[in-house]
file input.pdb (PDB, C-alpha atoms)
ATOM      1  CA  MET A   1      92.179   2.272 -42.374
ATOM      2  CA  LEU A   2      95.049   1.534 -40.010
ATOM      3  CA  CYS A   3      97.473   2.713 -42.702
ATOM      4  CA  ALA A   4      95.492   5.948 -43.142
ATOM      5  CA  LEU A   5      95.553   6.576 -39.394
ATOM      6  CA  GLY A   6      99.259   5.715 -39.325
ATOM      7  CA  ALA A   7      99.866   8.336 -42.025
ATOM      8  CA  ALA A   8      97.959  10.916 -39.962
ATOM      9  CA  VAL A   9     100.055  10.135 -36.882
ATOM     10  CA  CYS A  10     103.275  10.430 -38.912
ATOM     11  CA  PHE A  11     102.324  13.727 -40.565
ATOM     12  CA  GLY A  12     100.983  15.300 -37.395
ATOM     13  CA  THR A  13     104.031  14.356 -35.320
ATOM     14  CA  ALA A  14     106.415  15.437 -38.092
ATOM     15  CA  THR A  15     104.914  18.935 -38.046
ATOM     16  CA  VAL A  16     105.767  19.367 -34.359
ATOM     17  CA  LEU A  17     109.292  17.946 -34.677
ATOM     18  CA  GLN A  18     110.069  20.154 -37.675
ATOM     19  CA  ALA A  19     108.641  23.164 -35.863
ATOM     20  CA  MET A  20     110.908  22.515 -32.871
ATOM     21  CA  ALA A  21     113.935  22.106 -35.136
ATOM     22  CA  THR A  22     113.341  25.263 -37.184
ATOM     23  CA  ARG A  23     112.779  27.356 -34.084
ATOM     24  CA  THR A  24     116.003  26.148 -32.475
ATOM     25  CA  ALA A  25     117.855  26.599 -35.772
ATOM     26  CA  ASP A  26     116.979  30.288 -36.002
ATOM     27  CA  THR A  27     120.138  31.431 -34.224
ATOM     28  CA  GLY A  28     122.173  32.776 -37.149
ATOM     29  CA  ARG A  29     121.916  35.000 -40.157
ATOM     30  CA  GLY A  30     120.768  34.239 -43.656
ATOM     31  CA  GLY A  31     117.522  33.663 -45.496
ATOM     32  CA  GLU A  32     115.253  30.667 -45.831
ATOM     33  CA  ALA A  33     117.956  28.523 -47.457
ATOM     34  CA  ALA A  34     120.349  29.157 -44.566
ATOM     35  CA  LEU A  35     117.603  28.373 -42.049
ATOM     36  CA  PHE A  36     116.849  25.112 -43.833
ATOM     37  CA  LEU A  37     120.514  24.078 -43.845
ATOM     38  CA  ARG A  38     120.752  24.729 -40.113
ATOM     39  CA  ALA A  39     117.524  22.837 -39.481
ATOM     40  CA  VAL A  40     118.503  19.694 -41.389
ATOM     41  CA  ARG A  41     121.533  19.283 -39.132
ATOM     42  CA  GLN A  42     119.202  18.646 -36.196
ATOM     43  CA  TRP A  43     117.875  15.213 -35.374
ATOM     44  CA  ARG A  44     114.344  16.489 -34.829
ATOM     45  CA  TYR A  45     114.089  17.852 -38.351
ATOM     46  CA  LEU A  46     115.552  14.692 -39.853
ATOM     47  CA  ALA A  47     113.171  12.606 -37.762
ATOM     48  CA  GLY A  48     110.298  14.734 -39.063
ATOM     49  CA  LEU A  49     111.375  14.158 -42.656
ATOM     50  CA  ALA A  50     111.625  10.425 -41.998
ATOM     51  CA  LEU A  51     108.105  10.447 -40.558
ATOM     52  CA  ASP A  52     106.866  12.352 -43.622
ATOM     53  CA  GLY A  53     108.337   9.651 -45.841
ATOM     54  CA  LEU A  54     106.858   6.848 -43.760
ATOM     55  CA  GLY A  55     103.515   8.653 -43.727
ATOM     56  CA  PHE A  56     103.523   8.849 -47.507
ATOM     57  CA  VAL A  57     104.098   5.091 -47.730
ATOM     58  CA  PHE A  58     101.151   4.529 -45.371
ATOM     59  CA  GLN A  59      99.054   6.958 -47.425
ATOM     60  CA  VAL A  60      99.751   5.107 -50.681
ATOM     61  CA  ALA A  61      98.931   1.756 -49.045
ATOM     62  CA  ALA A  62      95.662   3.157 -47.710
ATOM     63  CA  LEU A  63      94.656   4.711 -51.041
ATOM     64  CA  ARG A  64      95.185   1.349 -52.755
ATOM     65  CA  SER A  65      92.902  -0.394 -50.259
ATOM     66  CA  ILE A  66      90.047   1.839 -49.061
ATOM     67  CA  PRO A  67      87.945   4.677 -50.550
ATOM     68  CA  ILE A  68      89.513   8.093 -51.034
ATOM     69  CA  TYR A  69      86.924   9.756 -48.785
ATOM     70  CA  ALA A  70      88.094   7.689 -45.812
ATOM     71  CA  VAL A  71      91.769   8.393 -46.465
ATOM     72  CA  GLY A  72      91.151  12.122 -46.938
ATOM     73  CA  ALA A  73      89.286  12.448 -43.664
ATOM     74  CA  ALA A  74      91.977  10.455 -41.856
ATOM     75  CA  LEU A  75      94.725  12.702 -43.246
ATOM     76  CA  ALA A  76      92.810  15.803 -42.158
ATOM     77  CA  SER A  77      92.842  14.326 -38.654
ATOM     78  CA  SER A  78      96.626  14.826 -38.583
ATOM     79  CA  LEU A  79      95.734  18.283 -37.224
ATOM     80  CA  ALA A  80      94.353  16.550 -34.138
ATOM     81  CA  VAL A  81      97.631  14.637 -33.794
ATOM     82  CA  THR A  82      99.572  17.892 -34.129
ATOM     83  CA  ALA A  83      97.425  19.505 -31.448
ATOM     84  CA  VAL A  84      97.934  16.669 -28.961
ATOM     85  CA  VAL A  85     101.677  16.351 -29.601
ATOM     86  CA  ALA A  86     102.114  20.147 -29.444
ATOM     87  CA  ALA A  87     100.342  20.217 -26.105
ATOM     88  CA  ARG A  88     102.799  17.629 -24.821
ATOM     89  CA  LEU A  89     106.112  18.740 -26.347
ATOM     90  CA  LEU A  90     105.678  22.451 -27.042
ATOM     91  CA  HIS A  91     103.506  23.349 -24.062
ATOM     92  CA  VAL A  92     100.794  24.787 -26.316
ATOM     93  CA  ARG A  93      97.658  25.085 -24.218
ATOM     94  CA  LEU A  94      94.542  23.439 -25.645
ATOM     95  CA  SER A  95      91.209  24.858 -24.576
ATOM     96  CA  GLY A  96      88.318  22.642 -23.567
ATOM     97  CA  SER A  97      86.662  23.201 -26.942
ATOM     98  CA  GLU A  98      89.855  22.115 -28.736
ATOM     99  CA  TRP A  99      90.068  18.915 -26.711
ATOM    100  CA  GLY A 100      86.426  18.428 -27.646
ATOM    101  CA  ALA A 101      87.345  18.887 -31.319
ATOM    102  CA  VAL A 102      89.986  16.161 -30.968
ATOM    103  CA  GLY A 103      87.272  13.872 -29.635
ATOM    104  CA  VAL A 104      84.961  14.842 -32.510
ATOM    105  CA  VAL A 105      87.652  13.923 -35.041
ATOM    106  CA  CYS A 106      88.124  10.526 -33.389
ATOM    107  CA  ALA A 107      84.361   9.913 -33.395
ATOM    108  CA  GLY A 108      84.107  10.790 -37.089
ATOM    109  CA  LEU A 109      86.989   8.470 -37.975
ATOM    110  CA  ALA A 110      85.406   5.656 -35.972
ATOM    111  CA  MET A 111      82.190   6.059 -37.988
ATOM    112  CA  LEU A 112      84.173   6.010 -41.224
ATOM    113  CA  GLY A 113      86.053   2.907 -40.131
ATOM    114  CA  VAL A 114      82.803   1.056 -39.487
ATOM    115  CA  SER A 115      81.048   2.155 -42.684
ATOM    116  CA  SER A 116      83.810   2.263 -45.327
ATOM    117  CA  GLY A 117      83.757  -0.355 -48.031
ATOM    118  CA  THR A 118      86.652  -1.482 -50.179
ATOM    119  CA  GLU A 119      88.444   0.547 -52.820
ATOM    120  CA  GLY A 120      86.415   1.166 -55.991
ATOM    121  CA  ASP A 121      87.139  -1.108 -58.931
ATOM    122  CA  ARG A 122      86.729   1.457 -61.719
ATOM    123  CA  GLY A 123      89.603   3.257 -63.413
ATOM    124  CA  GLY A 124      87.574   6.320 -64.299
ATOM    125  CA  PRO A 125      87.296   7.942 -67.725
ATOM    126  CA  ALA A 126      90.422   8.312 -69.820
ATOM    127  CA  ALA A 127      90.251  12.085 -69.507
ATOM    128  CA  LEU A 128      90.467  11.955 -65.706
ATOM    129  CA  GLU A 129      94.271  11.610 -65.682
ATOM    130  CA  TYR A 130      94.614  14.683 -67.894
ATOM    131  CA  ALA A 131      92.108  16.554 -65.751
ATOM    132  CA  MET A 132      94.267  15.838 -62.694
ATOM    133  CA  LEU A 133      97.363  17.014 -64.575
ATOM    134  CA  ALA A 134      95.586  20.217 -65.615
ATOM    135  CA  THR A 135      94.494  20.791 -62.010
ATOM    136  CA  ALA A 136      98.089  20.365 -60.829
ATOM    137  CA  VAL A 137      99.272  22.944 -63.380
ATOM    138  CA  ALA A 138      96.551  25.363 -62.236
ATOM    139  CA  VAL A 139      97.623  24.944 -58.594
ATOM    140  CA  LEU A 140     101.248  25.585 -59.597
ATOM    141  CA  LEU A 141     100.292  28.804 -61.407
ATOM    142  CA  LEU A 142      98.244  29.857 -58.385
ATOM    143  CA  GLY A 143     101.197  29.311 -56.048
ATOM    144  CA  LEU A 144     103.571  31.209 -58.321
ATOM    145  CA  SER A 145     101.190  34.180 -58.435
ATOM    146  CA  GLY A 146     100.527  34.224 -54.674
ATOM    147  CA  GLY A 147     102.164  37.609 -54.142
ATOM    148  CA  ARG A 148      99.990  39.234 -56.814
ATOM    149  CA  LEU A 149      96.654  37.974 -55.523
ATOM    150  CA  PRO A 150      94.291  40.418 -53.765
ATOM    151  CA  GLU A 151      95.060  40.556 -50.065
ATOM    152  CA  ARG A 152      91.441  39.912 -49.173
ATOM    153  CA  GLY A 153      90.839  36.187 -49.490
ATOM    154  CA  ARG A 154      94.440  35.433 -50.498
ATOM    155  CA  ALA A 155      95.138  32.951 -47.690
ATOM    156  CA  LEU A 156      91.876  31.077 -48.271
ATOM    157  CA  LEU A 157      92.444  30.868 -52.028
ATOM    158  CA  LEU A 158      96.021  29.645 -51.664
ATOM    159  CA  GLY A 159      94.971  27.196 -48.945
ATOM    160  CA  LEU A 160      92.248  25.792 -51.187
ATOM    161  CA  GLY A 161      94.796  25.502 -53.980
ATOM    162  CA  ALA A 162      97.144  23.562 -51.720
ATOM    163  CA  GLY A 163      94.268  21.279 -50.761
ATOM    164  CA  PHE A 164      93.416  20.639 -54.403
ATOM    165  CA  GLY A 165      97.081  19.839 -55.063
ATOM    166  CA  PHE A 166      97.189  17.295 -52.247
ATOM    167  CA  GLY A 167      93.862  15.972 -53.556
ATOM    168  CA  VAL A 168      95.442  15.451 -56.984
ATOM    169  CA  VAL A 169      98.064  13.291 -55.286
ATOM    170  CA  GLU A 170      95.356  11.167 -53.648
ATOM    171  CA  VAL A 171      93.488  10.610 -56.910
ATOM    172  CA  ALA A 172      96.659  10.065 -58.963
ATOM    173  CA  VAL A 173      97.784   7.256 -56.657
ATOM    174  CA  ARG A 174      94.555   5.447 -57.501
ATOM    175  CA  LEU A 175      94.901   6.067 -61.233
ATOM    176  CA  ILE A 176      98.390   4.555 -61.537
ATOM    177  CA  ASP A 177      97.917   0.943 -62.661
ATOM    178  CA  SER A 178     101.497  -0.272 -63.067
ATOM    179  CA  LEU A 179     104.685   0.524 -61.169
ATOM    180  CA  ALA A 180     106.962  -0.624 -63.991
ATOM    181  CA  PRO A 181     109.337   2.254 -64.849
ATOM    182  CA  SER A 182     108.326   2.318 -68.528
ATOM    183  CA  ASP A 183     104.624   2.460 -67.614
ATOM    184  CA  LEU A 184     105.171   5.158 -65.008
ATOM    185  CA  LEU A 185     107.023   7.368 -67.486
ATOM    186  CA  ALA A 186     104.179   7.042 -70.002
ATOM    187  CA  ASP A 187     101.366   7.597 -67.474
ATOM    188  CA  PRO A 188     100.005  11.175 -67.137
ATOM    189  CA  ALA A 189      98.942  10.309 -63.572
ATOM    190  CA  THR A 190     102.608  10.032 -62.585
ATOM    191  CA  TYR A 191     103.274  13.618 -63.619
ATOM    192  CA  ALA A 192     100.027  14.756 -62.010
ATOM    193  CA  LEU A 193     101.174  13.188 -58.728
ATOM    194  CA  LEU A 194     104.625  14.804 -58.781
ATOM    195  CA  LEU A 195     103.444  18.194 -59.995
ATOM    196  CA  GLY A 196     100.405  18.202 -57.704
ATOM    197  CA  GLY A 197     102.492  17.515 -54.609
ATOM    198  CA  GLY A 198     105.094  20.147 -55.436
ATOM    199  CA  ALA A 199     102.474  22.739 -56.386
ATOM    200  CA  ALA A 200     100.516  22.058 -53.204
ATOM    201  CA  PHE A 201     103.604  22.600 -51.070
ATOM    202  CA  LEU A 202     104.367  25.855 -52.889
ATOM    203  CA  SER A 203     100.800  27.154 -52.484
ATOM    204  CA  LEU A 204     100.642  26.199 -48.808
ATOM    205  CA  THR A 205     103.990  27.862 -48.083
ATOM    206  CA  SER A 206     102.837  31.038 -49.825
ATOM    207  CA  ALA A 207      99.522  30.965 -47.954
ATOM    208  CA  LEU A 208     101.212  30.623 -44.558
ATOM    209  CA  GLN A 209     103.611  33.461 -45.332
ATOM    210  CA  ARG A 210     101.040  35.881 -46.697
ATOM    211  CA  GLY A 211      97.891  35.447 -44.630
ATOM    212  CA  SER A 212      96.072  33.899 -41.718
ATOM    213  CA  VAL A 213      97.425  30.488 -40.751
ATOM    214  CA  THR A 214      93.990  29.345 -39.591
ATOM    215  CA  THR A 215      92.285  30.449 -42.809
ATOM    216  CA  ALA A 216      94.925  28.837 -45.023
ATOM    217  CA  THR A 217      94.823  25.544 -43.135
ATOM    218  CA  ALA A 218      91.032  25.463 -43.150
ATOM    219  CA  GLY A 219      91.037  25.998 -46.920
ATOM    220  CA  MET A 220      93.568  23.207 -47.332
ATOM    221  CA  VAL A 221      91.470  20.755 -45.301
ATOM    222  CA  ILE A 222      88.383  21.530 -47.397
ATOM    223  CA  GLY A 223      90.262  21.240 -50.683
ATOM    224  CA  GLU A 224      91.998  17.940 -49.920
ATOM    225  CA  THR A 225      88.906  16.138 -48.620
ATOM    226  CA  ILE A 226      85.736  17.120 -50.480
ATOM    227  CA  GLY A 227      87.014  17.176 -54.095
ATOM    228  CA  PRO A 228      88.906  13.854 -54.020
ATOM    229  CA  ALA A 229      86.022  12.192 -52.142
ATOM    230  CA  LEU A 230      83.591  13.191 -54.911
ATOM    231  CA  VAL A 231      85.989  11.944 -57.605
ATOM    232  CA  GLY A 232      86.297   8.611 -55.810
ATOM    233  CA  VAL A 233      82.546   8.128 -55.476
ATOM    234  CA  VAL A 234      81.492   9.430 -58.912
ATOM    235  CA  TRP A 235      84.252   8.088 -61.187
ATOM    236  CA  LEU A 236      86.275   5.461 -59.324
ATOM    237  CA  GLY A 237      83.471   3.409 -57.797
ATOM    238  CA  ASP A 238      84.156   4.026 -54.095
ATOM    239  CA  ARG A 239      81.265   2.752 -52.013
ATOM    240  CA  THR A 240      80.303   2.101 -48.400
ATOM    241  CA  ARG A 241      79.218  -1.078 -46.684
ATOM    242  CA  GLU A 242      75.681  -2.118 -47.487
ATOM    243  CA  GLY A 243      73.155   0.153 -45.778
ATOM    244  CA  LEU A 244      75.800   2.339 -44.091
ATOM    245  CA  ALA A 245      76.131   5.170 -46.604
ATOM    246  CA  TRP A 246      74.473   7.555 -44.133
ATOM    247  CA  LEU A 247      77.041   6.684 -41.450
ATOM    248  CA  ALA A 248      79.935   7.242 -43.870
ATOM    249  CA  VAL A 249      78.594  10.674 -44.864
ATOM    250  CA  LEU A 250      78.049  11.598 -41.217
ATOM    251  CA  GLY A 251      81.496  10.353 -40.192
ATOM    252  CA  PHE A 252      83.149  12.248 -43.039
ATOM    253  CA  LEU A 253      81.412  15.515 -42.137
ATOM    254  CA  VAL A 254      82.116  15.087 -38.416
ATOM    255  CA  ALA A 255      85.816  14.310 -38.948
ATOM    256  CA  VAL A 256      86.324  17.257 -41.327
ATOM    257  CA  ALA A 257      84.408  19.620 -39.026
ATOM    258  CA  GLY A 258      86.615  18.603 -36.109
ATOM    259  CA  ALA A 259      89.738  19.136 -38.217
ATOM    260  CA  LEU A 260      88.545  22.605 -39.230
ATOM    261  CA  ALA A 261      88.056  23.458 -35.566
ATOM    262  CA  LEU A 262      91.746  22.600 -35.064
ATOM    263  CA  ALA A 263      92.938  24.502 -38.131
ATOM    264  CA  ARG A 264      95.246  26.760 -36.133
ATOM    265  CA  PHE A 265      97.486  23.745 -35.499
ATOM    266  CA  GLY A 266      98.187  23.434 -39.234
ATOM    267  CA  GLU A 267     101.254  25.595 -38.546
ATOM    268  CA  VAL A 268     102.288  25.131 -34.953
ATOM    269  CA  ALA A 269     105.568  27.046 -34.689
ATOM    270  CA  GLU A 270     104.067  30.504 -34.969
ATOM    271  CA  GLU A 271     101.768  29.653 -32.090
ATOM    272  CA  VAL A 272     104.708  28.532 -29.987
ATOM    273  CA  ALA A 273     106.401  31.902 -30.411
ATOM    274  CA  GLU A 274     103.847  33.421 -28.082
ATOM    275  CA  GLU A 275     103.197  30.509 -25.725
ATOM    276  CA  ALA A 276     106.501  28.623 -25.261
ATOM    277  CA  PRO A 277     108.046  29.083 -21.810
ATOM    278  CA  PRO A 278     111.161  31.286 -21.632
ATOM    279  CA  SER A 279     113.281  28.326 -20.551
ATOM    280  CA  ALA A 280     112.677  26.618 -23.881
ATOM    281  CA  GLY A 281     115.056  29.034 -25.589
ATOM    282  CA  LEU A 282     113.229  28.915 -28.901
ATOM    283  CA  GLY A 283     113.568  31.923 -31.197
ATOM    284  CA  LYS A 284     110.921  33.100 -33.646
ATOM    285  CA  SER A 285     111.194  31.714 -37.162
ATOM    286  CA  PRO A 286     109.156  30.322 -39.998
ATOM    287  CA  SER A 287     108.516  26.605 -39.643
ATOM    288  CA  ALA A 288     108.104  23.687 -41.931
ATOM    289  CA  SER A 289     104.691  23.014 -43.419
ATOM    290  CA  ARG A 290     102.673  19.913 -42.649
ATOM    291  CA  ARG A 291     103.581  17.839 -45.701
ATOM    292  CA  PRO A 292     106.227  18.359 -48.300
ATOM    293  CA  GLY A 293     104.281  16.720 -51.069
ATOM    294  CA  ASP A 294     102.413  13.585 -50.095
TER
END

call {"tool": "encode", "arguments": {"input": "input.pdb", "output": "C-alpha cells"}}
result
Amino acid sequence: MLCALGAAVCFGTATVLQAMATRTADTGRGGEAALFLRAVRQWRYLAGLALDGLGFVFQVAALRSIPIYAVGAALASSLAVTAVVAARLLHVRLSGSEWGAVGVVCAGLAMLGVSSGTEGDRGGPAALEYAMLATAVAVLLLGLSGGRLPERGRALLLGLGAGFGFGVVEVAVRLIDSLAPSDLLADPATYALLLGGGAAFLSLTSALQRGSVTTATAGMVIGETIGPALVGVVWLGDRTREGLAWLAVLGFLVAVAGALALARFGEVAEEVAEEAPPSAGLGKSPSASRRPGD
C-alpha cells in the first residue's frame, strides 16, 4: 500500500511540474513537437518525467503485492496530490469543498489500507490475456477516431477509453508471470501492457484537447478503477481481510468519489492560465497529461 501511495504522490507531483515547464516553454513558435522540445530542456519537465518513471516502478511493485482495487483507488488519489501541490506551487485556489474532497480521499485510502488483503493467487482464465489485448486495441481505435466522434459525450467517451487503457496496464502487470526476455516476448499480456498504456495516453490527450477537462478526467478515473477492480476480484482472486469486505467496498467508493470531486485537477495547466498571478510570467499552452503510459 505504501508503494501505491508513493506512485500517487509521484504521478500527482509530476503533473504539476510538467504543467509549469510547458507553460514556461510556450515562448516561441511551432507546433506540439516544438513545444515538447522546448519543455524537455527544462529541469521541471525532466523531473516530472523522472517522477513518472519512479511512480510506474512503485505501481508495478504495488500490483504484485496487493489487490488491484486498492492500487486503482490509490492511483486515482493522485488527483488529490495534484490539487495540494498546485495550491502550493501554482497558486491555484482550492475551495473549502475541494479541501474536504482531499480529506475524503485520504479517509477512503485509510479504510482500504486497513481492509485490503494480499494479492490474489489465481492467474485467471487463459482468454483473459487476449481479452486485455483486444481491449487495448479497442482503446487505440477509439483514440485514433477521437476527432470523428460526436461532440456530445466525446470527452466522457475518450476519458473512459483512457481509463480502460490504464486499467489494462494494471491487469496486465498481474498477468505477467515471468520477466525473462523470451517469456515476455511470447506473452500476450506484455503487448497488452504496452499497447494499453500508449492507447490510454492517446485517448486522454485527445479528450483533453477536444472537450471538458473535468468530464474527461472523471471518465478516466471511473474507467481505471471499477473495471480492473472487478477483474481482480472475479478472475484473479483478490480478497479482503476476513470480515472486512464491507470496509473495503466503502473505502473504495469513498476514495473514488473524492477523486471525482477533484477531477478538474486532472489537467492543471489550463486552470493556471486564468488563476496564476501576473508575476509568474506563464503563458497559455497545452500541458502534459497525468501519466504517459503507466

call {"tool": "closest_atom_pairs", "arguments": {"input": "input.pdb", "of": "segment 65-164 of chain A", "to": "segment 208-220 of chain A", "cutoff": "9 Å", "atoms": "only C-alpha atoms", "output": "JSON lines"}}
result
{"residue": "A:Gly146", "atom": "CA", "partner": "A:Arg210", "partner_atom": "CA", "distance": 8.2}
{"residue": "A:Gly147", "atom": "CA", "partner": "A:Arg210", "partner_atom": "CA", "distance": 7.7}
{"residue": "A:Glu151", "atom": "CA", "partner": "A:Gly211", "partner_atom": "CA", "distance": 8.0}
{"residue": "A:Gly153", "atom": "CA", "partner": "A:Gly211", "partner_atom": "CA", "distance": 8.6}
{"residue": "A:Arg154", "atom": "CA", "partner": "A:Gly211", "partner_atom": "CA", "distance": 6.8}
{"residue": "A:Ala155", "atom": "CA", "partner": "A:Gly211", "partner_atom": "CA", "distance": 4.8}
{"residue": "A:Leu156", "atom": "CA", "partner": "A:Ala216", "partner_atom": "CA", "distance": 5.0}
{"residue": "A:Leu157", "atom": "CA", "partner": "A:Gly219", "partner_atom": "CA", "distance": 7.2}
{"residue": "A:Leu158", "atom": "CA", "partner": "A:Ala216", "partner_atom": "CA", "distance": 6.8}
{"residue": "A:Gly159", "atom": "CA", "partner": "A:Ala216", "partner_atom": "CA", "distance": 4.3}
{"residue": "A:Leu160", "atom": "CA", "partner": "A:Gly219", "partner_atom": "CA", "distance": 4.4}
{"residue": "A:Gly161", "atom": "CA", "partner": "A:Met220", "partner_atom": "CA", "distance": 7.1}
{"residue": "A:Ala162", "atom": "CA", "partner": "A:Met220", "partner_atom": "CA", "distance": 5.7}
{"residue": "A:Gly163", "atom": "CA", "partner": "A:Met220", "partner_atom": "CA", "distance": 4.0}
{"residue": "A:Phe164", "atom": "CA", "partner": "A:Met220", "partner_atom": "CA", "distance": 7.5}

call {"tool": "closest_residue", "arguments": {"input": "input.pdb", "among": "A:Leu112, A:Ile222, A:Arg64, A:Trp246", "to": "Asp177 of chain A", "atoms": "all atoms listed in the file"}}
result
A:Arg64

call {"tool": "atom_distance", "arguments": {"input": "input.pdb", "atom1": "atom CA of Ile66 of chain A", "atom2": "atom CA of Leu194 of chain A"}}
result
21.8 Å

call {"tool": "atom_distance", "arguments": {"input": "input.pdb", "atom1": "atom CA of Leu195 of chain A", "atom2": "atom CA of Val139 of chain A"}}
result
9.0 Å

call {"tool": "resolve_selection", "arguments": {"input": "input.pdb", "expression": "the PyMOL selection byres ((chain A and resi 71-73) around 8)", "output": "PDB file with C-alpha atoms, keeping the file's coordinate frame"}}
result
ATOM      1  CA  MET A   1      92.179   2.272 -42.374  1.00  0.00           C
ATOM      2  CA  ALA A   4      95.492   5.948 -43.142  1.00  0.00           C
ATOM      3  CA  GLN A  59      99.054   6.958 -47.425  1.00  0.00           C
ATOM      4  CA  ALA A  62      95.662   3.157 -47.710  1.00  0.00           C
ATOM      5  CA  LEU A  63      94.656   4.711 -51.041  1.00  0.00           C
ATOM      6  CA  ILE A  66      90.047   1.839 -49.061  1.00  0.00           C
ATOM      7  CA  PRO A  67      87.945   4.677 -50.550  1.00  0.00           C
ATOM      8  CA  ILE A  68      89.513   8.093 -51.034  1.00  0.00           C
ATOM      9  CA  TYR A  69      86.924   9.756 -48.785  1.00  0.00           C
ATOM     10  CA  ALA A  70      88.094   7.689 -45.812  1.00  0.00           C
ATOM     11  CA  ALA A  74      91.977  10.455 -41.856  1.00  0.00           C
ATOM     12  CA  LEU A  75      94.725  12.702 -43.246  1.00  0.00           C
ATOM     13  CA  ALA A  76      92.810  15.803 -42.158  1.00  0.00           C
ATOM     14  CA  SER A  77      92.842  14.326 -38.654  1.00  0.00           C
ATOM     15  CA  LEU A 109      86.989   8.470 -37.975  1.00  0.00           C
ATOM     16  CA  GLU A 170      95.356  11.167 -53.648  1.00  0.00           C
ATOM     17  CA  GLU A 224      91.998  17.940 -49.920  1.00  0.00           C
ATOM     18  CA  THR A 225      88.906  16.138 -48.620  1.00  0.00           C
ATOM     19  CA  PRO A 228      88.906  13.854 -54.020  1.00  0.00           C
ATOM     20  CA  ALA A 229      86.022  12.192 -52.142  1.00  0.00           C
ATOM     21  CA  PHE A 252      83.149  12.248 -43.039  1.00  0.00           C
ATOM     22  CA  ALA A 255      85.816  14.310 -38.948  1.00  0.00           C
ATOM     23  CA  VAL A 256      86.324  17.257 -41.327  1.00  0.00           C
TER      24      VAL A 256
END

call {"tool": "decode", "arguments": {"input": "input.pdb", "residues": "segment 164-175 of chain A", "atoms": "N, CA, C and O atoms", "output": "CSV table (one decimal), in the first residue's frame"}}
result
chain,number,residue,atom,x,y,z
A,164,PHE,N,-9.9,2.8,-19.3
A,164,PHE,CA,-9.8,1.4,-19.6
A,164,PHE,C,-8.4,1.0,-20.1
A,164,PHE,O,-7.9,-0.1,-19.7
A,165,GLY,N,-7.7,1.9,-20.8
A,165,GLY,CA,-6.4,1.6,-21.2
A,165,GLY,C,-5.4,1.5,-20.0
A,165,GLY,O,-4.6,0.6,-19.9
A,166,PHE,N,-5.5,2.4,-19.1
A,166,PHE,CA,-4.7,2.4,-17.9
A,166,PHE,C,-5.1,1.1,-17.1
A,166,PHE,O,-4.2,0.5,-16.4
A,167,GLY,N,-6.4,0.8,-17.1
A,167,GLY,CA,-6.8,-0.4,-16.4
A,167,GLY,C,-6.2,-1.7,-17.0
A,167,GLY,O,-5.9,-2.6,-16.3
A,168,VAL,N,-6.1,-1.7,-18.3
A,168,VAL,CA,-5.4,-2.8,-19.0
A,168,VAL,C,-4.0,-3.0,-18.5
A,168,VAL,O,-3.5,-4.1,-18.2
A,169,VAL,N,-3.3,-1.9,-18.3
A,169,VAL,CA,-1.9,-1.9,-17.8
A,169,VAL,C,-1.9,-2.6,-16.4
A,169,VAL,O,-1.1,-3.4,-16.1
A,170,GLU,N,-2.9,-2.2,-15.5
A,170,GLU,CA,-2.9,-2.7,-14.2
A,170,GLU,C,-3.1,-4.2,-14.2
A,170,GLU,O,-2.5,-4.9,-13.4
A,171,VAL,N,-4.1,-4.7,-15.0
A,171,VAL,CA,-4.3,-6.1,-15.0
A,171,VAL,C,-3.2,-6.8,-15.7
A,171,VAL,O,-2.8,-7.9,-15.2
A,172,ALA,N,-2.6,-6.3,-16.8
A,172,ALA,CA,-1.5,-7.0,-17.5
A,172,ALA,C,-0.3,-7.2,-16.6
A,172,ALA,O,0.4,-8.2,-16.7
A,173,VAL,N,0.0,-6.2,-15.7
A,173,VAL,CA,1.1,-6.4,-14.8
A,173,VAL,C,0.9,-7.7,-13.9
A,173,VAL,O,1.9,-8.4,-13.7
A,174,ARG,N,-0.3,-7.9,-13.5
A,174,ARG,CA,-0.6,-9.1,-12.7
A,174,ARG,C,-0.6,-10.4,-13.5
A,174,ARG,O,-0.3,-11.5,-13.0
A,175,LEU,N,-0.8,-10.3,-14.8
A,175,LEU,CA,-0.9,-11.5,-15.6
A,175,LEU,C,0.5,-12.0,-16.1
A,175,LEU,O,0.6,-13.1,-16.5
